[in-house]
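Chemist: What follows is the file model02.cif, containing mmCIF, C-alpha atoms:
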```
data_coords
#
loop_
_atom_site.label_atom_id
_atom_site.label_comp_id
_atom_site.auth_asym_id
_atom_site.auth_seq_id
_atom_site.Cartn_x
_atom_site.Cartn_y
_atom_site.Cartn_z
CA MET A 231 0.00 0.00 0.00
CA THR A 232 1.20 3.52 -0.72
CA PRO A 233 1.37 6.02 2.15
CA GLU A 234 -0.47 8.73 0.24
CA PRO A 235 -4.16 9.01 -0.73
CA PRO A 236 -5.14 7.97 -4.26
CA ILE A 237 -5.70 11.60 -5.30
CA TYR A 238 -1.99 12.32 -5.23
CA GLN A 239 -1.26 9.15 -7.15
CA ARG A 240 -3.59 10.43 -9.87
CA TRP A 241 -1.69 13.72 -9.98
CA ILE A 242 1.59 11.83 -10.26
CA ALA A 243 0.12 9.95 -13.22
CA VAL A 244 -0.89 13.24 -14.86
CA TYR A 245 2.59 14.67 -14.33
CA ALA A 246 4.14 11.50 -15.73
CA VAL A 247 2.05 11.73 -18.91
CA LEU A 248 3.03 15.35 -19.44
CA LEU A 249 6.72 14.70 -18.79
CA GLN A 250 6.70 11.79 -21.24
CA PHE A 251 5.12 14.04 -23.85
CA LEU A 252 7.50 16.92 -23.19
CA ALA A 253 10.46 14.59 -23.74
CA SER A 254 9.34 14.39 -27.41
CA PRO A 255 11.90 16.90 -28.77
CA GLY A 256 14.65 14.58 -27.54
CA GLN A 257 13.04 11.41 -28.91
CA THR A 258 13.79 9.98 -32.33
CA TYR A 259 10.34 10.74 -33.73
CA GLY A 260 10.70 14.33 -32.49
CA ILE A 261 14.13 14.79 -34.06
CA SER A 262 13.33 13.00 -37.32
CA VAL A 263 11.18 15.82 -38.69
CA PHE A 264 14.14 18.19 -38.30
CA ILE A 265 16.67 15.98 -40.09
CA ASP A 266 16.02 16.90 -43.72
CA PRO A 267 15.56 20.67 -43.07
CA MET A 268 18.77 20.76 -41.01
CA ILE A 269 20.71 18.82 -43.65
CA ASP A 270 19.64 21.39 -46.25
CA GLY A 271 20.13 24.38 -43.94
CA LEU A 272 23.57 23.40 -42.63
CA GLY A 273 24.82 21.90 -45.90
CA VAL A 274 25.92 18.60 -44.35
CA SER A 275 25.43 14.98 -45.40
CA ARG A 276 22.95 12.52 -43.96
CA SER A 277 25.79 10.25 -42.86
CA LEU A 278 27.44 13.12 -40.95
CA VAL A 279 24.19 14.00 -39.17
CA SER A 280 23.65 10.33 -38.33
CA GLY A 281 27.21 10.13 -37.00
CA LEU A 282 26.69 13.22 -34.83
CA TYR A 283 23.43 11.72 -33.61
CA LEU A 284 25.34 8.54 -32.74
CA ALA A 285 28.02 10.47 -30.83
CA GLY A 286 25.52 12.68 -29.04
CA THR A 287 23.36 9.73 -28.06
CA LEU A 288 26.32 7.70 -26.77
CA GLY A 289 27.40 10.72 -24.75
CA GLY A 290 23.88 10.96 -23.38
CA ALA A 291 23.98 7.27 -22.51
CA ALA A 292 26.99 7.91 -20.29
CA ILE A 293 25.10 10.64 -18.41
CA VAL A 294 21.79 8.89 -17.75
CA PRO A 295 23.04 6.37 -15.12
CA ALA A 296 24.29 9.26 -12.99
CA VAL A 297 20.81 10.77 -13.18
CA GLY A 298 19.35 7.46 -12.02
CA ARG A 299 21.70 7.34 -9.03
CA ALA A 300 20.84 10.95 -8.24
CA LEU A 301 17.14 10.07 -8.18
CA ASP A 302 17.86 7.45 -5.51
CA ALA A 303 20.02 9.83 -3.51
CA ARG A 304 18.33 13.22 -3.95
CA GLY A 305 14.75 12.61 -5.01
CA LEU A 306 12.42 13.61 -7.81
CA ARG A 307 12.21 17.39 -7.40
CA PRO A 308 15.90 18.41 -7.20
CA VAL A 309 16.90 16.13 -10.06
CA GLY A 310 13.87 17.15 -12.13
CA ILE A 311 14.74 20.84 -11.86
CA GLY A 312 18.24 20.20 -13.18
CA VAL A 313 17.00 18.01 -16.01
CA VAL A 314 14.44 20.57 -17.22
CA LEU A 315 16.94 23.43 -17.10
CA VAL A 316 19.55 21.60 -19.18
CA PHE A 317 16.96 20.23 -21.60
CA THR A 318 15.50 23.69 -22.22
CA ALA A 319 18.96 25.18 -22.77
CA SER A 320 19.86 22.41 -25.23
CA LEU A 321 16.73 22.97 -27.30
CA ALA A 322 17.40 26.69 -27.43
CA TRP A 323 21.01 26.00 -28.42
CA LEU A 324 19.91 23.98 -31.46
CA SER A 325 18.22 27.08 -32.85
CA LEU A 326 21.66 28.75 -33.02
CA VAL A 327 23.91 26.00 -34.39
CA GLY A 328 25.98 26.74 -37.47
CA GLY A 329 28.01 23.58 -37.95
CA PRO A 330 28.79 20.03 -36.85
CA VAL A 331 30.31 20.90 -33.46
CA GLY A 332 27.33 22.94 -32.35
CA LEU A 333 24.95 20.30 -33.66
CA PHE A 334 26.75 17.63 -31.64
CA VAL A 335 26.46 19.67 -28.45
CA GLY A 336 22.76 20.22 -28.97
CA LEU A 337 22.06 16.59 -29.78
CA LEU A 338 24.05 15.49 -26.73
CA GLY A 339 21.92 17.71 -24.51
CA ILE A 340 18.51 16.73 -25.84
CA ARG A 341 19.32 13.02 -25.98
CA ALA A 342 20.70 12.93 -22.44
CA MET A 343 18.03 15.12 -20.88
CA GLY A 344 15.04 14.42 -23.14
CA GLN A 345 15.06 10.82 -24.26
CA GLY A 346 17.09 9.63 -21.28
CA SER A 347 16.56 11.68 -18.14
CA LEU A 348 13.08 13.19 -18.49
CA GLY A 349 11.66 9.80 -19.43
CA LEU A 350 13.54 8.21 -16.52
CA LEU A 351 12.16 10.85 -14.15
CA SER A 352 8.61 10.04 -15.25
CA THR A 353 9.07 6.27 -15.01
CA ASN A 354 10.78 6.50 -11.62
CA ALA A 355 7.95 8.63 -10.23
CA MET A 356 5.39 6.04 -11.31
CA ALA A 357 7.45 3.15 -9.93
CA ILE A 358 7.80 4.58 -6.42
CA TRP A 359 4.25 5.92 -6.10
CA PHE A 360 2.34 2.91 -7.46
CA ARG A 361 3.00 -0.23 -5.42
CA GLU A 362 -0.09 -2.18 -6.49
CA ARG A 363 -1.11 -2.86 -10.10
CA ARG A 364 1.95 -0.95 -11.19
CA GLY A 365 1.94 -2.46 -14.67
CA ALA A 366 -1.64 -1.35 -15.33
CA ALA A 367 -0.88 2.15 -14.03
CA MET A 368 2.26 2.51 -16.11
CA GLY A 369 0.49 1.07 -19.13
CA ALA A 370 -2.24 3.68 -18.81
CA VAL A 371 0.29 6.52 -18.46
CA PHE A 372 2.38 5.36 -21.40
CA ALA A 373 -0.75 4.81 -23.48
CA LEU A 374 -2.03 8.35 -22.86
CA SER A 375 1.38 9.81 -23.62
CA ALA A 376 1.55 7.77 -26.83
CA LEU A 377 -1.75 9.28 -27.97
CA LEU A 378 -0.17 12.68 -27.46
CA PHE A 379 2.93 11.55 -29.35
CA ALA A 380 0.72 10.92 -32.38
CA VAL A 381 0.16 14.63 -32.91
CA TRP A 382 3.80 15.61 -32.44
CA PRO A 383 5.53 14.82 -35.80
CA PRO A 384 2.86 16.31 -38.12
CA MET A 385 2.43 19.29 -35.78
CA VAL A 386 6.16 20.04 -35.70
CA ALA A 387 6.51 19.35 -39.44
CA ARG A 388 3.97 22.09 -40.11
CA LEU A 389 5.60 24.38 -37.56
CA ILE A 390 8.89 23.99 -39.43
CA GLU A 391 7.13 24.82 -42.71
CA TRP A 392 5.68 27.99 -41.15
CA VAL A 393 8.61 29.42 -39.16
CA GLY A 394 11.69 27.41 -40.17
CA TRP A 395 13.60 24.81 -38.22
CA ARG A 396 15.58 27.29 -36.08
CA SER A 397 12.51 29.08 -34.76
CA ALA A 398 10.81 25.71 -34.25
CA TRP A 399 13.60 24.57 -31.90
CA LEU A 400 13.30 27.81 -29.94
CA ALA A 401 9.52 27.44 -29.67
CA LEU A 402 9.91 23.91 -28.28
CA ALA A 403 12.37 25.20 -25.67
CA GLY A 404 9.73 27.67 -24.52
CA VAL A 405 7.06 24.97 -24.28
CA VAL A 406 9.30 22.73 -22.15
CA ALA A 407 10.23 25.59 -19.82
CA LEU A 408 6.63 26.80 -19.37
CA VAL A 409 5.05 23.37 -18.79
CA ALA A 410 7.73 21.06 -17.37
CA GLY A 411 9.20 23.77 -15.14
CA PRO A 412 6.12 24.18 -12.90
CA ILE A 413 5.62 20.41 -12.78
CA VAL A 414 9.04 19.71 -11.30
CA LEU A 415 9.00 22.81 -9.08
CA PHE A 416 5.56 22.43 -7.55
CA GLY A 417 4.22 18.99 -8.49
CA LEU A 418 6.78 16.24 -8.04
CA ARG A 419 7.79 14.97 -4.62
CA ASP A 420 8.77 11.65 -3.08
CA PRO A 421 6.63 9.40 -0.88
CA PRO A 422 7.33 9.70 2.85
CA ASP A 423 9.20 6.36 2.89
CA ARG A 424 11.71 7.70 0.35
CA GLN A 425 12.77 10.90 2.06
CA PRO A 426 16.49 11.78 1.98
CA THR A 427 18.60 10.72 4.93
CA ARG A 428 20.22 13.41 7.05
CA ALA A 429 23.71 14.56 6.22
CA GLY A 430 26.33 12.54 8.07
CA ALA A 431 24.11 9.52 8.55
CA GLU A 432 25.79 6.15 8.48
CA THR A 433 24.09 5.12 5.24
CA ASP A 434 23.68 6.97 1.97
CA THR A 435 20.51 5.21 0.86
CA ARG A 436 17.08 6.80 0.88
CA THR A 437 15.17 3.57 0.55
CA LEU A 438 15.75 1.57 3.74
CA SER A 439 12.02 0.90 4.15
CA LEU A 440 11.78 -0.62 0.68
CA GLU A 441 12.99 -4.01 -0.51
CA GLY A 442 14.84 -4.74 -3.70
CA TRP A 443 17.97 -5.88 -5.44
CA THR A 444 21.09 -3.76 -5.67
CA LEU A 445 22.42 -2.93 -9.12
CA ALA A 446 25.32 -5.36 -8.61
CA GLU A 447 22.90 -8.16 -7.72
CA ALA A 448 20.70 -7.43 -10.71
CA ARG A 449 23.69 -7.47 -13.06
CA ARG A 450 24.45 -11.04 -11.99
CA CYS A 451 20.97 -12.13 -13.08
CA PRO A 452 20.42 -13.33 -16.70
CA ALA A 453 16.87 -11.95 -16.65
CA TYR A 454 18.28 -8.45 -16.14
CA TRP A 455 20.39 -8.82 -19.26
CA LEU A 456 17.41 -10.15 -21.20
CA LEU A 457 15.61 -6.89 -20.44
CA VAL A 458 18.68 -4.73 -21.05
CA LEU A 459 19.74 -6.28 -24.35
CA SER A 460 16.19 -6.57 -25.64
CA GLY A 461 15.72 -2.91 -24.79
CA ALA A 462 18.88 -1.99 -26.67
CA VAL A 463 17.80 -3.99 -29.73
CA MET A 464 14.30 -2.55 -29.63
CA ALA A 465 15.65 0.98 -29.25
CA GLY A 466 18.17 0.54 -32.06
CA THR A 467 15.65 -0.88 -34.51
CA ILE A 468 12.83 1.52 -33.66
CA THR A 469 15.20 4.49 -33.72
CA ALA A 470 16.73 3.53 -37.04
CA LEU A 471 13.34 3.16 -38.69
CA GLY A 472 11.90 6.26 -37.05
CA PHE A 473 14.96 8.47 -37.56
CA HIS A 474 14.95 7.90 -41.31
CA GLN A 475 11.20 7.36 -41.68
CA ILE A 476 10.60 10.47 -43.81
CA SER A 477 13.34 9.43 -46.23
CA ILE A 478 12.65 5.67 -46.18
CA LEU A 479 8.95 6.09 -46.82
CA GLY A 480 9.82 8.67 -49.44
CA GLU A 481 11.77 5.94 -51.22
CA ARG A 482 8.62 3.83 -51.02
CA GLY A 483 6.53 6.55 -52.70
CA LEU A 484 5.18 8.69 -49.81
CA ASP A 485 5.66 12.47 -49.84
CA PRO A 486 7.22 14.12 -46.71
CA VAL A 487 3.92 15.17 -45.14
CA ALA A 488 2.38 11.72 -45.71
CA ALA A 489 5.50 10.11 -44.24
CA ALA A 490 5.24 12.34 -41.16
CA GLU A 491 1.53 11.61 -40.86
CA ASN A 492 2.35 7.89 -40.78
CA PHE A 493 3.56 8.49 -37.21
CA ALA A 494 -0.03 9.23 -36.17
CA PRO A 495 -1.49 5.71 -36.61
CA GLN A 496 1.72 4.30 -35.18
CA PHE A 497 1.19 6.14 -31.92
CA VAL A 498 -2.50 5.27 -31.76
CA VAL A 499 -1.51 1.61 -31.85
CA VAL A 500 1.36 2.31 -29.44
CA ALA A 501 -1.18 3.71 -27.00
CA LEU A 502 -3.50 0.72 -27.31
CA MET A 503 -0.73 -1.86 -26.97
CA THR A 504 1.02 0.01 -24.17
CA TRP A 505 -2.14 0.00 -22.08
CA THR A 506 -2.84 -3.64 -22.95
CA SER A 507 0.70 -4.92 -22.34
CA GLY A 508 0.93 -2.93 -19.11
CA ARG A 509 -2.07 -4.86 -17.80
CA TRP A 510 -0.61 -8.09 -19.13
CA SER A 511 2.67 -7.44 -17.29
CA ASP A 512 0.83 -7.71 -13.95
CA ARG A 513 -0.59 -11.11 -14.87
CA PHE A 514 1.59 -12.98 -17.37
CA ASP A 515 5.15 -14.14 -17.80
CA LEU A 516 7.23 -11.10 -18.69
CA ARG A 517 9.57 -13.21 -20.82
CA ARG A 518 6.77 -14.08 -23.24
CA LEU A 519 5.86 -10.43 -23.56
CA VAL A 520 9.50 -9.65 -24.38
CA ALA A 521 9.30 -12.29 -27.11
CA LEU A 522 6.12 -10.72 -28.48
CA ALA A 523 7.62 -7.23 -28.64
CA THR A 524 10.89 -8.26 -30.27
CA GLY A 525 9.09 -10.55 -32.72
CA LEU A 526 6.81 -7.72 -33.79
CA VAL A 527 9.70 -5.31 -34.38
CA ALA A 528 11.39 -7.90 -36.60
CA ALA A 529 8.16 -8.18 -38.59
CA ALA A 530 7.93 -4.39 -38.89
CA SER A 531 11.48 -4.21 -40.24
CA LEU A 532 10.72 -6.77 -42.92
CA GLY A 533 7.38 -5.15 -43.65
CA MET A 534 8.96 -1.80 -44.49
CA LEU A 535 10.43 -3.39 -47.61
CA PHE A 536 6.89 -3.81 -48.97
CA VAL A 537 5.35 -0.46 -48.01
CA THR A 538 3.47 1.48 -50.67
CA PRO A 539 1.09 4.44 -50.32
CA GLY A 540 -2.27 3.31 -48.99
CA TRP A 541 -3.17 0.26 -46.95
CA ARG A 542 0.35 -1.20 -46.88
CA ALA A 543 1.69 1.98 -45.26
CA LEU A 544 -1.12 1.76 -42.71
CA LEU A 545 -0.38 -1.92 -42.03
CA TYR A 546 3.27 -1.08 -41.46
CA ALA A 547 2.24 1.63 -38.98
CA VAL A 548 0.06 -0.87 -37.09
CA VAL A 549 2.80 -3.52 -36.76
CA PHE A 550 5.47 -0.96 -35.89
CA GLY A 551 3.20 0.65 -33.29
CA ALA A 552 2.30 -2.74 -31.80
CA ALA A 553 5.99 -3.56 -31.35
CA ALA A 554 6.84 -0.25 -29.73
CA GLY A 555 3.73 -0.23 -27.54
CA THR A 556 4.21 -3.76 -26.28
CA TRP A 557 7.76 -2.99 -25.28
CA ARG A 558 6.81 0.27 -23.53
CA GLY A 559 4.20 -1.47 -21.42
CA VAL A 560 6.46 -4.38 -20.49
CA SER A 561 9.72 -2.55 -19.82
CA GLY A 562 8.11 0.07 -17.58
CA ALA A 563 6.79 -2.57 -15.20
CA ALA A 564 9.44 -5.29 -15.55
CA TYR A 565 12.31 -3.73 -13.59
CA PRO A 566 10.34 -2.89 -10.42
CA ARG A 567 8.42 -6.18 -10.59
CA TRP A 568 11.55 -8.31 -10.90
CA PHE A 569 14.06 -6.25 -8.89
CA GLY A 570 12.06 -4.19 -6.38
CA LEU A 571 12.21 -0.50 -5.50
CA ALA A 572 15.15 -0.06 -3.14
CA HIS A 573 17.60 0.81 -5.91
CA ILE A 574 15.23 1.22 -8.83
CA GLY A 575 16.75 4.52 -9.96
CA ALA A 576 20.22 3.01 -10.27
CA ILE A 577 18.91 -0.15 -11.97
CA GLN A 578 16.73 1.69 -14.48
CA GLY A 579 19.42 4.30 -15.05
CA ALA A 580 22.03 1.66 -15.86
CA ALA A 581 19.57 -0.07 -18.17
CA ALA A 582 18.78 3.25 -19.83
CA ARG A 583 22.45 3.59 -20.76
CA TRP A 584 22.13 0.50 -22.95
CA LEU A 585 18.80 1.64 -24.33
CA VAL A 586 20.17 5.04 -25.29
CA ALA A 587 23.31 3.44 -26.73
CA GLY A 588 21.16 1.11 -28.81
CA SER A 589 19.17 4.03 -30.15
CA ALA A 590 22.46 5.75 -30.97
CA LEU A 591 23.80 2.86 -33.01
CA GLY A 592 20.68 2.36 -35.11
CA PRO A 593 20.55 5.30 -37.56
CA LEU A 594 24.18 5.46 -38.76
CA PRO A 595 24.45 2.04 -40.45
CA VAL A 596 21.15 2.71 -42.21
CA ALA A 597 22.43 6.05 -43.50
CA LEU A 598 25.73 4.50 -44.62
CA ALA A 599 23.86 1.76 -46.45
CA ARG A 600 21.76 4.40 -48.20
CA ASP A 601 24.85 6.37 -49.24
CA THR A 602 26.66 3.19 -50.36
CA PHE A 603 23.94 1.24 -52.14
CA GLY A 604 21.55 4.03 -53.05
CA THR A 605 18.72 2.28 -51.22
CA TYR A 606 17.69 1.46 -47.68
CA GLN A 607 16.71 -2.14 -48.41
CA PRO A 608 19.91 -3.96 -47.28
CA ALA A 609 19.99 -2.10 -43.95
CA VAL A 610 16.29 -2.55 -43.25
CA LEU A 611 16.62 -6.27 -43.93
CA ALA A 612 19.57 -6.50 -41.52
CA LEU A 613 17.55 -4.77 -38.79
CA ALA A 614 15.19 -7.75 -38.66
CA VAL A 615 17.94 -10.17 -37.57
CA CYS A 616 18.88 -9.06 -34.03
CA PRO A 617 15.36 -9.13 -32.57
CA VAL A 618 15.13 -12.82 -33.48
CA PHE A 619 17.93 -13.60 -31.00
CA CYS A 620 15.98 -11.76 -28.29
CA VAL A 621 12.94 -13.90 -29.04
CA LEU A 622 15.04 -17.03 -28.64
CA GLY A 623 16.64 -15.72 -25.44
CA SER A 624 13.27 -15.08 -23.84
CA PHE A 625 12.55 -18.83 -24.01
CA VAL A 626 15.91 -19.75 -22.46
CA VAL A 627 16.35 -17.26 -19.61
CA ARG A 628 14.65 -18.04 -16.30
CA PRO A 629 12.86 -15.45 -14.13
CA PRO A 630 15.07 -13.87 -11.44
CA VAL A 631 15.30 -15.62 -8.08
CA ARG A 632 17.17 -13.90 -5.28
#
```
Would you mind giving the structure from this file in structure tokens?
Modeler:
Amino acid sequence: MTPEPPIYQRWIAVYAVLLQFLASPGQTYGISVFIDPMIDGLGVSRSLVSGLYLAGTLGGAAIVPAVGRALDARGLRPVGIGVVLVFTASLAWLSLVGGPVGLFVGLLGIRAMGQGSLGLLSTNAMAIWFRERRGAAMGAVFALSALLFAVWPPMVARLIEWVGWRSAWLALAGVVALVAGPIVLFGLRDPPDRQPTRAGAETDTRTLSLEGWTLAEARRCPAYWLLVLSGAVMAGTITALGFHQISILGERGLDPVAAAENFAPQFVVVALMTWTSGRWSDRFDLRRLVALATGLVAAASLGMLFVTPGWRALLYAVVFGAAAGTWRGVSGAAYPRWFGLAHIGAIQGAAARWLVAGSALGPLPVALARDTFGTYQPAVLALAVCPVFCVLGSFVVRPPVR
């Protein structure tokens, strides 16, 4: 049972939805609509932008675990304030970049603070406030945020058409500051059983009243690595397809606006499957849900080779959204269900490093394949291979036993 009345839990859920949505400028689908305009505006190649994205995302992956440890040690509000400040500054910086170095700095900031830290802040808040039916609660939050994600790419694509990509970055910085700022300043706080210890106390943990594995214990468990590596593969594949979606679907006959609008049905399905798989994660074997998610993303990768305007593009969006949604619902609930809450920030933060690294590695090989072969087909076909190993692993690895 949680020590707070349900009304505050509901507010935490609302804050979590908004924070997930406001992380959009740092997510692949949020960045993808800027890629082609920035390539034209800065006069750089797609491979260079993909390489800078790789470097910035790997740099962000090195930062996120420290944010997770800080959440365990300091709490939601102090860490959240720092994350929002740096994220806002990074978005504003991207409106001023003039070359590769500045672009790298901006991408590093938004990947570390947006995709990594703001999402981690939201997930951590849900994990520590919802002790019962956590999977269903997280599934509902991720589902609602996914519905909001559906409007993001076409909305930002039109904003870029109206005001240009530089002014669009600056506008997004203002939105994050005006909405996320008050949430972390006045909304987020920790439950009473996770209050910081006094300075000079014998222990540096804030979670003595909670049970759970340490990060070192979790790392010795094969089930932890099933989640981590599956997350990295899912992130890499989804990021690669999403990052280049405008261009890949353009190769398949869709114009840029239609390619951006293909995100909308994806996120509708993401919302449905996130809510559904979140409820499933409270009831069923998590390993089978991992197999379902990774199998679906392999199918989506293969399916992109056959996309054409019309129903095939819609079918691709459905399968892609089902893969992403299933994984969102499962991964949000899996770590606290299997490893407890005592060190959940450190455990999820360390896992997020692999997830962010996976998302970093996805786009560059696809861009290089496009530059080398003149088509995306070889790279997209290769993306379908790694998820198959995750499917097989989910039938071999046993659930964690302490």
Chemist: Nearest to A:Leu502 among A:Val548, A:Ala448, A:Ile413, A:Leu408, with distances taken over only C-alpha atoms: which residue is it?
Modeler: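 Between A:Val548, A:Ala448, A:Ile413, A:Leu408, the residue approaching A:Leu502 most closely is A:Val548.
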Chemist: Rounded to one decimal in Å, what is the spacing between atom CA of A:Leu389 and atom CA of A:Thr504?
Modeler: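 Computed distance, atom CA of A:Leu389 to atom CA of A:Thr504, equals 28.2 Å.
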Chemist: Measuring atom to atom with all atoms listed in the file, identify which of A:Pro384, A:Pro486, A:Gly336, A:Gly461 is nearest to A:Leu282.
Modeler: A:Gly336
Chemist: Go through A:Gln345, A:Ser262, A:Ser277, A:Ser325 one by one, measure the shortest atom-to-atom distance of each to A:Leu249 using only C-alpha atoms, and give the residue with the smallest value.
Modeler: A:Gln345
Chemist: Dump as CSV the rows for residues of stretch 247-364 of chain A within 12 Å of stretch 566-574 of chain A: closest atom pair and distance in Å with one decimal, all atoms listed in the file counted, ordered by chain and rising residue number.
Modeler:
```
residue,atom,partner,partner_atom,distance
A:Pro295,CA,A:Ile574,CA,11.3
A:Val297,CA,A:Ile574,CA,11.9
A:Gly298,CA,A:Ile574,CA,8.1
A:Arg299,CA,A:His573,CA,8.3
A:Ala300,CA,A:His573,CA,10.9
A:Leu301,CA,A:Ile574,CA,9.1
A:Asp302,CA,A:His573,CA,6.7
A:Ala303,CA,A:His573,CA,9.6
A:Leu350,CA,A:Ile574,CA,10.5
A:Leu351,CA,A:Ile574,CA,11.4
A:Thr353,CA,A:Ile574,CA,10.1
A:Asn354,CA,A:Ile574,CA,7.4
A:Ala355,CA,A:Ile574,CA,10.5
A:Met356,CA,A:Pro566,CA,10.2
A:Ala357,CA,A:Pro566,CA,6.7
A:Ile358,CA,A:Leu571,CA,6.8
A:Trp359,CA,A:Leu571,CA,10.2
A:Phe360,CA,A:Pro566,CA,10.3
A:Arg361,CA,A:Leu571,CA,9.2
A:Glu362,CA,A:Arg567,CA,10.3
A:Arg363,CA,A:Arg567,CA,10.1
A:Arg364,CA,A:Arg567,CA,8.3
```
Chemist: Under the PyMOL selection byres ((chain A and resi 380) around 12), which residues of this model are included? Write them out as a short mmCIF file (atom, residue, chain, number, x, y, z; two decimals) with C-alpha atoms, keeping the file's coordinate frame.
Modeler:
```cif
data_model
loop_
_atom_site.label_atom_id
_atom_site.label_comp_id
_atom_site.auth_asym_id
_atom_site.auth_seq_id
_atom_site.Cartn_x
_atom_site.Cartn_y
_atom_site.Cartn_z
CA PHE A 251 5.12 14.04 -23.85
CA SER A 254 9.34 14.39 -27.41
CA TYR A 259 10.34 10.74 -33.73
CA GLY A 260 10.70 14.33 -32.49
CA ALA A 373 -0.75 4.81 -23.48
CA LEU A 374 -2.03 8.35 -22.86
CA SER A 375 1.38 9.81 -23.62
CA ALA A 376 1.55 7.77 -26.83
CA LEU A 377 -1.75 9.28 -27.97
CA LEU A 378 -0.17 12.68 -27.46
CA PHE A 379 2.93 11.55 -29.35
CA VAL A 381 0.16 14.63 -32.91
CA TRP A 382 3.80 15.61 -32.44
CA PRO A 383 5.53 14.82 -35.80
CA PRO A 384 2.86 16.31 -38.12
CA MET A 385 2.43 19.29 -35.78
CA VAL A 386 6.16 20.04 -35.70
CA ALA A 490 5.24 12.34 -41.16
CA GLU A 491 1.53 11.61 -40.86
CA ASN A 492 2.35 7.89 -40.78
CA PHE A 493 3.56 8.49 -37.21
CA ALA A 494 -0.03 9.23 -36.17
CA PRO A 495 -1.49 5.71 -36.61
CA GLN A 496 1.72 4.30 -35.18
CA PHE A 497 1.19 6.14 -31.92
CA VAL A 498 -2.50 5.27 -31.76
CA VAL A 499 -1.51 1.61 -31.85
CA VAL A 500 1.36 2.31 -29.44
CA ALA A 501 -1.18 3.71 -27.00
CA ALA A 547 2.24 1.63 -38.98
CA GLY A 551 3.20 0.65 -33.29
#
```
Chemist: In terms of the shortest atom-to-atom distance over only C-alpha atoms, which of A:Ser280, A:Gln250, A:Ser624, A:Ser347 is closest to A:Gly579?
Modeler: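 Looking at the shortest contact to A:Gly579, the residue is A:Ser347.
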Chemist: Once the PyMOL selection byres ((chain A and resi 401-405) around 6) has been applied to the shown file, what residues remain in the selection, as number ranges by chain?
Modeler: A: 318, 321-322, 398-400, 406-408
Chemist: Using all atoms listed in the file, which of the listed residues (A:Phe536, A:Phe473, A:Phe372, A:Tyr245) sits closest to A:Ala563?
Modeler: A:Phe372
Chemist: What does the structure give for the distance between atom CA of A:Gly281 and atom CA of A:Asp266, in Å to one decimal?
Modeler: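 So the two atoms, atom CA of A:Gly281 and atom CA of A:Asp266, lie 14.7 Å apart.
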Chemist: Counting all atoms listed in the file, which residue out of A:Phe514, A:Trp541, A:Trp505, A:Tyr454 sits closest to A:Ala554?
Modeler: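 Ranking A:Phe514, A:Trp541, A:Trp505, A:Tyr454 by distance to A:Ala554, first place goes to A:Trp505.
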Chemist: Take the point (13.3, 4.4, -39.8) as written in the file and pick out every residue within 9 Å of it, counting all atoms listed in the file; give the list as a ChimeraX atom specification.
Modeler: /A:262,467-479,531,534,592-593,596,610
Chemist: I need the output of the PyMOL selection byres ((chain A and resi 589) around 6) for this file as a PyMOL selection string; which residues are they?
Modeler: chain A and resi 465-466+469+586-588+590-592
